[in-house]
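For reference, final_7.cif is printed below; it contains mmCIF, C-alpha atoms.
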data_coords
#
loop_
_atom_site.label_atom_id
_atom_site.label_comp_id
_atom_site.auth_asym_id
_atom_site.auth_seq_id
_atom_site.Cartn_x
_atom_site.Cartn_y
_atom_site.Cartn_z
CA GLY A 1 -36.64 -13.35 -34.82
CA GLN A 2 -37.95 -11.63 -31.76
CA ASN A 3 -36.10 -10.05 -28.85
CA ILE A 4 -38.24 -9.08 -25.87
CA ASP A 5 -37.04 -7.31 -22.73
CA GLN A 6 -38.76 -6.89 -19.38
CA PRO A 7 -37.48 -6.05 -15.92
CA THR A 8 -36.77 -9.18 -13.92
CA GLU A 9 -38.35 -8.14 -10.66
CA MET A 10 -40.52 -5.38 -9.23
CA THR A 11 -41.93 -4.67 -5.80
CA ALA A 12 -44.97 -2.54 -5.03
CA THR A 13 -47.29 -1.78 -2.16
CA GLU A 14 -50.84 -3.01 -1.77
CA GLY A 15 -53.28 -0.40 -3.08
CA ALA A 16 -50.68 1.30 -5.24
CA ILE A 17 -50.22 1.44 -9.02
CA VAL A 18 -47.40 -0.34 -10.84
CA GLN A 19 -46.28 -0.17 -14.46
CA ILE A 20 -44.44 -3.08 -16.04
CA ASN A 21 -42.58 -2.21 -19.24
CA CYS A 22 -41.81 -4.39 -22.22
CA THR A 23 -39.66 -3.49 -25.22
CA TYR A 24 -39.31 -5.61 -28.30
CA GLN A 25 -37.38 -5.82 -31.55
CA THR A 26 -39.08 -8.02 -34.08
CA SER A 27 -38.83 -9.17 -37.64
CA GLY A 28 -42.62 -9.14 -37.83
CA PHE A 29 -45.45 -8.05 -35.55
CA ASN A 30 -49.07 -9.09 -35.27
CA GLY A 31 -50.04 -8.16 -31.75
CA LEU A 32 -48.74 -8.14 -28.21
CA PHE A 33 -50.17 -10.11 -25.31
CA TRP A 34 -49.78 -9.83 -21.56
CA TYR A 35 -50.21 -12.94 -19.43
CA GLN A 36 -50.18 -13.47 -15.67
CA GLN A 37 -48.55 -16.59 -14.29
CA HIS A 38 -48.58 -17.73 -10.69
CA ALA A 39 -45.84 -20.10 -9.64
CA GLY A 40 -46.39 -23.63 -10.88
CA GLU A 41 -49.45 -22.69 -12.90
CA ALA A 42 -50.17 -21.97 -16.53
CA PRO A 43 -50.28 -18.40 -17.84
CA THR A 44 -53.66 -16.69 -17.97
CA PHE A 45 -54.58 -14.06 -20.56
CA LEU A 46 -54.71 -10.45 -19.38
CA SER A 47 -54.70 -8.21 -22.45
CA TYR A 48 -54.04 -7.84 -26.14
CA ASN A 49 -52.87 -4.85 -28.18
CA VAL A 50 -52.41 -4.73 -31.93
CA LEU A 51 -52.99 -1.01 -32.56
CA ASP A 52 -51.30 1.90 -30.81
CA GLY A 53 -52.93 3.16 -27.68
CA LEU A 54 -54.33 2.12 -24.36
CA GLU A 55 -56.64 -0.81 -23.70
CA GLU A 56 -58.37 -0.72 -20.33
CA LYS A 57 -59.86 -3.71 -18.60
CA GLY A 58 -60.86 -3.14 -15.00
CA ARG A 59 -57.78 -2.78 -12.81
CA PHE A 60 -55.51 -3.71 -15.70
CA SER A 61 -54.56 -1.54 -18.67
CA SER A 62 -52.10 -2.16 -21.45
CA PHE A 63 -50.46 0.33 -23.79
CA LEU A 64 -48.72 -0.17 -27.11
CA SER A 65 -46.50 1.99 -29.29
CA ARG A 66 -45.54 0.07 -32.41
CA SER A 67 -43.15 2.74 -33.68
CA LYS A 68 -41.19 2.54 -30.42
CA GLY A 69 -41.49 -1.21 -29.98
CA TYR A 70 -42.82 -0.57 -26.51
CA SER A 71 -45.66 -1.73 -24.32
CA TYR A 72 -46.57 -1.47 -20.69
CA LEU A 73 -49.01 -3.19 -18.37
CA LEU A 74 -50.54 -0.97 -15.70
CA LEU A 75 -51.99 -2.53 -12.59
CA LYS A 76 -54.09 -0.33 -10.31
CA GLU A 77 -55.30 -0.83 -6.74
CA LEU A 78 -52.80 -3.60 -6.23
CA GLN A 79 -53.86 -6.61 -4.22
CA MET A 80 -51.73 -9.27 -2.61
CA LYS A 81 -53.06 -11.82 -5.09
CA ASP A 82 -51.48 -9.80 -7.90
CA SER A 83 -48.10 -11.13 -6.81
CA ALA A 84 -47.13 -13.19 -9.83
CA SER A 85 -44.98 -13.23 -12.93
CA TYR A 86 -46.18 -11.05 -15.80
CA LEU A 87 -45.24 -12.20 -19.27
CA CYS A 88 -45.09 -10.03 -22.36
CA ALA A 89 -45.48 -12.00 -25.60
CA VAL A 90 -45.27 -10.88 -29.21
CA ARG A 91 -47.08 -12.65 -32.01
CA ASP A 92 -45.41 -13.25 -35.35
CA ALA A 93 -46.71 -11.60 -38.47
CA GLY A 94 -47.11 -14.98 -40.15
CA GLY A 95 -50.37 -16.87 -40.02
CA GLY A 96 -49.10 -19.43 -37.55
CA ASN A 97 -50.06 -17.45 -34.44
CA LYS A 98 -46.64 -18.15 -32.96
CA LEU A 99 -45.86 -16.32 -29.72
CA THR A 100 -42.46 -15.35 -28.39
CA PHE A 101 -42.38 -14.69 -24.68
CA GLY A 102 -40.23 -12.33 -22.69
CA THR A 103 -38.52 -13.62 -19.57
CA GLY A 104 -41.31 -12.30 -17.39
CA THR A 105 -41.40 -9.75 -14.58
CA GLN A 106 -41.82 -11.14 -11.08
CA LEU A 107 -44.04 -8.72 -9.18
CA LYS A 108 -44.15 -8.82 -5.41
CA VAL A 109 -46.94 -6.93 -3.69
CA GLU A 110 -46.23 -6.01 -0.08
CA LEU A 111 -48.38 -4.63 2.72
CA GLY B 1 -63.18 -18.85 -21.23
CA ALA B 2 -61.88 -21.81 -23.16
CA VAL B 3 -60.57 -24.73 -21.12
CA VAL B 4 -57.46 -26.71 -21.90
CA SER B 5 -56.47 -29.68 -19.79
CA GLN B 6 -53.23 -31.58 -19.47
CA HIS B 7 -52.55 -35.01 -18.13
CA PRO B 8 -50.71 -35.91 -16.06
CA SER B 9 -50.19 -32.82 -13.93
CA TRP B 10 -46.92 -34.22 -12.68
CA VAL B 11 -44.81 -37.27 -13.39
CA ILE B 12 -41.60 -38.75 -12.05
CA CYS B 13 -39.76 -41.25 -14.20
CA LYS B 14 -36.45 -43.04 -14.42
CA SER B 15 -33.78 -41.98 -16.85
CA GLY B 16 -34.15 -43.76 -20.19
CA THR B 17 -37.90 -44.20 -20.05
CA SER B 18 -40.51 -42.43 -22.20
CA VAL B 19 -43.27 -40.20 -20.92
CA LYS B 20 -46.44 -39.17 -22.73
CA ILE B 21 -48.24 -35.92 -21.93
CA GLU B 22 -51.75 -35.23 -23.21
CA CYS B 23 -53.23 -31.86 -24.03
CA ARG B 24 -56.97 -31.54 -24.60
CA SER B 25 -59.21 -28.65 -25.54
CA LEU B 26 -62.38 -29.36 -23.60
CA ASP B 27 -64.99 -27.02 -25.01
CA PHE B 28 -63.66 -25.94 -28.36
CA GLN B 29 -61.88 -27.32 -31.40
CA ALA B 30 -58.25 -26.50 -31.79
CA THR B 31 -56.64 -26.85 -35.18
CA THR B 32 -53.36 -25.67 -33.73
CA MET B 33 -51.74 -26.53 -30.42
CA PHE B 34 -48.41 -25.38 -29.11
CA TRP B 35 -45.96 -27.07 -26.78
CA TYR B 36 -43.76 -25.00 -24.48
CA ARG B 37 -41.09 -25.81 -21.94
CA GLN B 38 -40.34 -23.67 -18.94
CA PHE B 39 -37.32 -24.05 -16.69
CA PRO B 40 -37.40 -22.58 -13.17
CA LYS B 41 -37.53 -18.79 -13.12
CA GLN B 42 -37.38 -18.64 -16.89
CA SER B 43 -39.97 -17.81 -19.49
CA LEU B 44 -41.84 -20.11 -21.78
CA MET B 45 -39.85 -21.44 -24.70
CA LEU B 46 -41.81 -22.69 -27.69
CA MET B 47 -40.81 -26.22 -28.61
CA ALA B 48 -43.16 -26.98 -31.48
CA THR B 49 -46.38 -26.12 -33.21
CA SER B 50 -48.79 -28.98 -33.65
CA ASN B 51 -51.35 -28.91 -36.44
CA GLU B 52 -54.19 -31.38 -36.61
CA GLY B 53 -53.62 -34.00 -39.24
CA SER B 54 -50.12 -32.91 -40.21
CA LYS B 55 -46.57 -33.07 -38.95
CA ALA B 56 -45.51 -30.77 -36.14
CA THR B 57 -43.19 -27.85 -36.80
CA TYR B 58 -40.28 -27.83 -34.39
CA GLU B 59 -38.31 -24.82 -33.22
CA GLN B 60 -34.62 -24.62 -33.84
CA GLY B 61 -32.67 -26.75 -31.41
CA VAL B 62 -35.58 -29.02 -30.46
CA GLU B 63 -35.00 -32.65 -31.43
CA LYS B 64 -38.05 -33.97 -33.21
CA ASP B 65 -37.03 -37.58 -32.63
CA LYS B 66 -36.79 -36.99 -28.91
CA PHE B 67 -39.98 -34.98 -28.50
CA LEU B 68 -42.64 -36.78 -30.51
CA ILE B 69 -45.82 -34.83 -31.14
CA ASN B 70 -49.08 -36.25 -32.39
CA HIS B 71 -52.18 -34.17 -33.08
CA ALA B 72 -54.65 -36.83 -34.12
CA SER B 73 -57.87 -34.92 -33.51
CA LEU B 74 -59.14 -31.38 -33.14
CA THR B 75 -59.20 -31.73 -29.37
CA LEU B 76 -56.11 -33.77 -28.53
CA SER B 77 -52.37 -33.38 -28.95
CA THR B 78 -49.76 -35.54 -27.26
CA LEU B 79 -46.10 -34.92 -26.50
CA THR B 80 -43.91 -37.95 -25.84
CA VAL B 81 -40.52 -37.39 -24.29
CA THR B 82 -38.49 -40.38 -25.43
CA SER B 83 -35.50 -41.74 -23.52
CA ALA B 84 -35.87 -39.03 -20.92
CA HIS B 85 -32.81 -37.74 -19.09
CA PRO B 86 -32.49 -35.54 -16.00
CA GLU B 87 -31.89 -32.47 -18.17
CA ASP B 88 -35.37 -32.97 -19.63
CA SER B 89 -36.87 -32.25 -16.22
CA SER B 90 -39.01 -29.18 -16.71
CA PHE B 91 -42.51 -27.74 -16.71
CA TYR B 92 -44.22 -28.59 -20.00
CA ILE B 93 -47.18 -26.42 -20.98
CA CYS B 94 -49.46 -26.76 -23.96
CA SER B 95 -51.74 -24.16 -25.44
CA ALA B 96 -54.50 -24.29 -27.98
CA ARG B 97 -55.89 -21.80 -30.42
CA GLY B 98 -59.62 -21.83 -31.07
CA SER B 99 -60.53 -22.43 -34.65
CA SER B 100 -63.98 -20.90 -34.63
CA GLY B 101 -66.66 -19.10 -32.77
CA ARG B 102 -66.43 -17.17 -29.56
CA TYR B 103 -62.87 -18.18 -28.78
CA GLU B 104 -61.50 -16.41 -31.79
CA THR B 105 -61.73 -12.86 -30.47
CA TYR B 106 -58.01 -12.18 -30.34
CA ASN B 107 -56.92 -15.45 -31.85
CA GLU B 108 -55.33 -15.92 -28.48
CA GLN B 109 -53.82 -19.05 -27.08
CA PHE B 110 -55.41 -20.77 -24.11
CA PHE B 111 -52.98 -22.54 -21.84
CA GLY B 112 -53.22 -25.84 -20.08
CA PRO B 113 -52.27 -26.16 -16.40
CA GLY B 114 -48.88 -27.65 -17.23
CA THR B 115 -47.12 -30.93 -16.50
CA ARG B 116 -44.17 -31.08 -14.12
CA LEU B 117 -41.72 -33.72 -15.35
CA THR B 118 -38.95 -34.95 -13.08
CA VAL B 119 -36.47 -37.44 -14.48
CA LEU B 120 -34.38 -39.25 -11.90
#
Target format C-alpha cells, applied to this file:
Amino acid sequence: GQNIDQPTEMTATEGAIVQINCTYQTSGFNGLFWYQQHAGEAPTFLSYNVLDGLEEKGRFSSFLSRSKGYSYLLLKELQMKDSASYLCAVRDAGGGNKLTFGTGTQLKVEL
Amino acid sequence: GAVVSQHPSWVICKSGTSVKIECRSLDFQATTMFWYRQFPKQSLMLMATSNEGSKATYEQGVEKDKFLINHASLTLSTLTVTSAHPEDSSFYICSARGSSGRYETYNEQFFGPGTRLTVL
C-alpha cells in the first residue's frame, strides 16, 4: 500500500515563494504527481516526476528524491489565485496506473 | 489538454433512490477510467478502476453492488449509486487515462469537473 503525508495547511504572502513537502512510503513506485484543486472543482495536473531531480515549469517546480521518499512542489511569485489545495499523488508500480492521493495541503495566499 | 466531462454536475435525491453519474472523455479514447469520492476537506479516495469492456476493479471497502460501474465504450463510463443514503453524500470525481497519442505523455489522469451528490 501507499502512505502519503503532506502538511494540512500553509499560508504565504503574495509575491513570495512557498515549498509544499510530500513524503511517501510505498510498496511500489512509478511516478509522483502534483495536482492543484480549487474548492468544488476537479484537480488539475501541475507536474510529474519519476526520476530524481527538479522539474521546472514556469512558476512551478517539483523535486523528487526516490531514496528518501520525498518530493516538494515549489511555487514562485505567488498570486492570489494560487490559493487552493495541492495534492501529492503516487502512482503504483503495476500497469494499472492507479494513483494514491495524499490528504492535500490547503495553501492560502495573503496580501 | 484532454477534456473529461461529467453529468450531472450536482444532484439531490431522496434516500433509497438510485443516481447515475456519467463520465465522458470528449476528445480522446480512454481505455481506463477511475472513480473517486471526496468528502469535505479530505483527499480523493479511489473507489474503482473501470476498464472498457470488462468488469470494474473495486478498492477494498467499496461495495460493488452498491456502486455499479459500467464502461461500455472508450469514451463513456457510468457510476450508479444504488439505494442512496445520506452517508453517500459526497463529491464524486472521475478521471480518464488516454490510450494513445498526445495524451500519453506522462500517462496521466485527466479529471472531470466532479458531481456533487446530496442525499436527503
task: List the residues selected by the PyMOL selection byres ((chain B and resi 111) around 6) in the file shown, writing them as a ChimeraX atom specification.
output: /B:94-95,110,112
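The result of the PyMOL selection byres ((chain B) within 6 of (chain A)) on the shown file is Gln42, Ser43, Pro113 and Gly114 of chain B.
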- prompt: Quick one: which residues end up in the PyMOL selection byres ((chain B and resi 29) around 6) for this structure, as a list in words?
  reply: Phe28, Ala30, Leu74, Thr75 and Gly98 of chain B
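Within the 9 Å cut-off around range 55-69 of chain A, using all atoms listed in the file and omitting residues fewer than 3 positions from it on the same chain, the listed residues are Cys22, Thr23, Tyr24, Gln25, Thr26, Phe29, Leu32, Trp34, Leu46, Ser47, Tyr48, Asn49, Val50, Leu51, Asp52, Tyr72, Leu73, Leu74, Leu75, Lys76, Glu77 and Leu78 of chain A.
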Expected answer as a PDB file with C-alpha atoms, keeping the file's coordinate frame: all residues with atoms within 8 Å of (-41.9, -27.1, -25.2), all atoms listed in the file:
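And here is the file that came out, result.pdb:
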ATOM      1  CA  PHE B  34     -48.410 -25.380 -29.110  1.00  0.00           C
ATOM      2  CA  TRP B  35     -45.960 -27.070 -26.780  1.00  0.00           C
ATOM      3  CA  TYR B  36     -43.760 -25.000 -24.480  1.00  0.00           C
ATOM      4  CA  ARG B  37     -41.090 -25.810 -21.940  1.00  0.00           C
ATOM      5  CA  GLN B  38     -40.340 -23.670 -18.940  1.00  0.00           C
ATOM      6  CA  LEU B  44     -41.840 -20.110 -21.780  1.00  0.00           C
ATOM      7  CA  MET B  45     -39.850 -21.440 -24.700  1.00  0.00           C
ATOM      8  CA  LEU B  46     -41.810 -22.690 -27.690  1.00  0.00           C
ATOM      9  CA  MET B  47     -40.810 -26.220 -28.610  1.00  0.00           C
ATOM     10  CA  ALA B  48     -43.160 -26.980 -31.480  1.00  0.00           C
ATOM     11  CA  TYR B  92     -44.220 -28.590 -20.000  1.00  0.00           C
ATOM     12  CA  ILE B  93     -47.180 -26.420 -20.980  1.00  0.00           C
ATOM     13  CA  CYS B  94     -49.460 -26.760 -23.960  1.00  0.00           C
TER      14      CYS B  94
END
query: Could you pull the residues within 6 Å of range 55-71 of chain B, counting all atoms listed in the file, minus those fewer than 6 positions along the same chain, as an NGL selection string?
result: :B and (47-49 or 77-82)
Could you save those same residues with C-alpha atoms as a JSON list (two decimals), in the coordinates of the input?
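Here's the written file result.json:
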[["chain", "number", "residue", "atom", "x", "y", "z"],
["B", 47, "MET", "CA", -40.81, -26.22, -28.61],
["B", 48, "ALA", "CA", -43.16, -26.98, -31.48],
["B", 49, "THR", "CA", -46.38, -26.12, -33.21],
["B", 77, "SER", "CA", -52.37, -33.38, -28.95],
["B", 78, "THR", "CA", -49.76, -35.54, -27.26],
["B", 79, "LEU", "CA", -46.10, -34.92, -26.50],
["B", 80, "THR", "CA", -43.91, -37.95, -25.84],
["B", 81, "VAL", "CA", -40.52, -37.39, -24.29],
["B", 82, "THR", "CA", -38.49, -40.38, -25.43]]
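Distance annotation: of B:Thr118, B:Ala2, B:Thr31, B:Arg24, the residue with the minimal separation from Glu87 in chain B is B:Thr118; atom set is all atoms listed in the file.
Going from CA of Met80 in chain A over to CA of Gln6 in chain A, you cover 21.3 Å.
Between CA of Glu22 in chain B and CA of Pro8 in chain B there is a distance of 7.3 Å.
Separating CA of Gln109 in chain B from CA of Val19 in chain B is a distance of 24.4 Å.
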field: Val11 in chain B environment, 12 Å, all atoms listed in the file, sequence neighbours closer than 3 positions dropped, as an NGL selection string
entry: :B and (6-8 or 14 or 17-21 or 81 or 84 or 89-92 or 114-120)
Work out where the centre of an axis-aligned box around every listed atom of range 39-57 of chain B lies and how long its edges are once 5 Å is added on each side; give both in Å to one decimal as lines of an AutoDock Vina configuration file.
center_x = -45.8
center_y = -25.9
center_z = -26.7
size_x = 26.9
size_y = 26.2
size_z = 37.1
Would you mind putting back N, CA, C and O atoms on range 42-62 of chain B, then writing it out as a PDB file, in the coordinates of the input?
ATOM      1  N   GLN B  42     -37.578 -19.067 -15.520  1.00  0.00           N
ATOM      2  CA  GLN B  42     -37.380 -18.640 -16.890  1.00  0.00           C
ATOM      3  C   GLN B  42     -38.728 -18.551 -17.592  1.00  0.00           C
ATOM      4  O   GLN B  42     -39.751 -18.985 -17.064  1.00  0.00           O
ATOM      5  N   SER B  43     -38.713 -17.971 -18.779  1.00  0.00           N
ATOM      6  CA  SER B  43     -39.970 -17.810 -19.490  1.00  0.00           C
ATOM      7  C   SER B  43     -40.290 -19.046 -20.310  1.00  0.00           C
ATOM      8  O   SER B  43     -39.540 -20.008 -20.341  1.00  0.00           O
ATOM      9  N   LEU B  44     -41.426 -18.996 -20.955  1.00  0.00           N
ATOM     10  CA  LEU B  44     -41.840 -20.110 -21.780  1.00  0.00           C
ATOM     11  C   LEU B  44     -41.054 -20.119 -23.087  1.00  0.00           C
ATOM     12  O   LEU B  44     -40.934 -19.088 -23.750  1.00  0.00           O
ATOM     13  N   MET B  45     -40.555 -21.285 -23.437  1.00  0.00           N
ATOM     14  CA  MET B  45     -39.850 -21.440 -24.700  1.00  0.00           C
ATOM     15  C   MET B  45     -40.661 -22.361 -25.598  1.00  0.00           C
ATOM     16  O   MET B  45     -40.946 -23.498 -25.215  1.00  0.00           O
ATOM     17  N   LEU B  46     -41.027 -21.875 -26.764  1.00  0.00           N
ATOM     18  CA  LEU B  46     -41.810 -22.690 -27.690  1.00  0.00           C
ATOM     19  C   LEU B  46     -40.956 -23.840 -28.207  1.00  0.00           C
ATOM     20  O   LEU B  46     -39.829 -23.630 -28.668  1.00  0.00           O
ATOM     21  N   MET B  47     -41.513 -25.039 -28.105  1.00  0.00           N
ATOM     22  CA  MET B  47     -40.810 -26.220 -28.610  1.00  0.00           C
ATOM     23  C   MET B  47     -41.291 -26.560 -30.022  1.00  0.00           C
ATOM     24  O   MET B  47     -40.492 -26.846 -30.906  1.00  0.00           O
ATOM     25  N   ALA B  48     -42.614 -26.558 -30.179  1.00  0.00           N
ATOM     26  CA  ALA B  48     -43.160 -26.980 -31.480  1.00  0.00           C
ATOM     27  C   ALA B  48     -44.590 -26.526 -31.624  1.00  0.00           C
ATOM     28  O   ALA B  48     -45.286 -26.272 -30.635  1.00  0.00           O
ATOM     29  N   THR B  49     -45.002 -26.434 -32.863  1.00  0.00           N
ATOM     30  CA  THR B  49     -46.380 -26.120 -33.210  1.00  0.00           C
ATOM     31  C   THR B  49     -47.002 -27.369 -33.805  1.00  0.00           C
ATOM     32  O   THR B  49     -46.441 -27.973 -34.732  1.00  0.00           O
ATOM     33  N   SER B  50     -48.140 -27.740 -33.255  1.00  0.00           N
ATOM     34  CA  SER B  50     -48.790 -28.980 -33.650  1.00  0.00           C
ATOM     35  C   SER B  50     -50.072 -28.669 -34.411  1.00  0.00           C
ATOM     36  O   SER B  50     -50.948 -27.994 -33.883  1.00  0.00           O
ATOM     37  N   ASN B  51     -50.165 -29.124 -35.622  1.00  0.00           N
ATOM     38  CA  ASN B  51     -51.350 -28.910 -36.440  1.00  0.00           C
ATOM     39  C   ASN B  51     -52.087 -30.215 -36.658  1.00  0.00           C
ATOM     40  O   ASN B  51     -51.467 -31.233 -36.988  1.00  0.00           O
ATOM     41  N   GLU B  52     -53.378 -30.177 -36.479  1.00  0.00           N
ATOM     42  CA  GLU B  52     -54.190 -31.380 -36.610  1.00  0.00           C
ATOM     43  C   GLU B  52     -54.043 -32.000 -37.986  1.00  0.00           C
ATOM     44  O   GLU B  52     -54.179 -31.306 -39.001  1.00  0.00           O
ATOM     45  N   GLY B  53     -53.699 -33.264 -37.994  1.00  0.00           N
ATOM     46  CA  GLY B  53     -53.620 -34.000 -39.240  1.00  0.00           C
ATOM     47  C   GLY B  53     -52.341 -33.818 -40.027  1.00  0.00           C
ATOM     48  O   GLY B  53     -52.230 -34.346 -41.141  1.00  0.00           O
ATOM     49  N   SER B  54     -51.378 -33.092 -39.485  1.00  0.00           N
ATOM     50  CA  SER B  54     -50.120 -32.910 -40.210  1.00  0.00           C
ATOM     51  C   SER B  54     -48.950 -32.980 -39.238  1.00  0.00           C
ATOM     52  O   SER B  54     -49.136 -33.028 -38.020  1.00  0.00           O
ATOM     53  N   LYS B  55     -47.751 -32.966 -39.798  1.00  0.00           N
ATOM     54  CA  LYS B  55     -46.570 -33.070 -38.950  1.00  0.00           C
ATOM     55  C   LYS B  55     -46.362 -31.781 -38.161  1.00  0.00           C
ATOM     56  O   LYS B  55     -46.659 -30.680 -38.632  1.00  0.00           O
ATOM     57  N   ALA B  56     -45.793 -31.932 -36.982  1.00  0.00           N
ATOM     58  CA  ALA B  56     -45.510 -30.770 -36.140  1.00  0.00           C
ATOM     59  C   ALA B  56     -44.321 -29.988 -36.700  1.00  0.00           C
ATOM     60  O   ALA B  56     -43.453 -30.545 -37.378  1.00  0.00           O
ATOM     61  N   THR B  57     -44.316 -28.709 -36.418  1.00  0.00           N
ATOM     62  CA  THR B  57     -43.190 -27.850 -36.800  1.00  0.00           C
ATOM     63  C   THR B  57     -42.378 -27.565 -35.548  1.00  0.00           C
ATOM     64  O   THR B  57     -42.890 -26.987 -34.591  1.00  0.00           O
ATOM     65  N   TYR B  58     -41.127 -27.969 -35.565  1.00  0.00           N
ATOM     66  CA  TYR B  58     -40.280 -27.830 -34.390  1.00  0.00           C
ATOM     67  C   TYR B  58     -39.431 -26.568 -34.464  1.00  0.00           C
ATOM     68  O   TYR B  58     -38.996 -26.159 -35.537  1.00  0.00           O
ATOM     69  N   GLU B  59     -39.184 -25.979 -33.300  1.00  0.00           N
ATOM     70  CA  GLU B  59     -38.310 -24.820 -33.220  1.00  0.00           C
ATOM     71  C   GLU B  59     -36.853 -25.268 -33.324  1.00  0.00           C
ATOM     72  O   GLU B  59     -36.513 -26.422 -33.044  1.00  0.00           O
ATOM     73  N   GLN B  60     -36.039 -24.317 -33.696  1.00  0.00           N
ATOM     74  CA  GLN B  60     -34.620 -24.620 -33.840  1.00  0.00           C
ATOM     75  C   GLN B  60     -34.053 -25.120 -32.520  1.00  0.00           C
ATOM     76  O   GLN B  60     -34.303 -24.537 -31.456  1.00  0.00           O
ATOM     77  N   GLY B  61     -33.309 -26.201 -32.597  1.00  0.00           N
ATOM     78  CA  GLY B  61     -32.670 -26.750 -31.410  1.00  0.00           C
ATOM     79  C   GLY B  61     -33.500 -27.800 -30.681  1.00  0.00           C
ATOM     80  O   GLY B  61     -33.005 -28.403 -29.723  1.00  0.00           O
ATOM     81  N   VAL B  62     -34.725 -28.001 -31.092  1.00  0.00           N
ATOM     82  CA  VAL B  62     -35.580 -29.020 -30.460  1.00  0.00           C
ATOM     83  C   VAL B  62     -35.525 -30.281 -31.317  1.00  0.00           C
ATOM     84  O   VAL B  62     -35.836 -30.249 -32.500  1.00  0.00           O
TER      85      VAL B  62
END
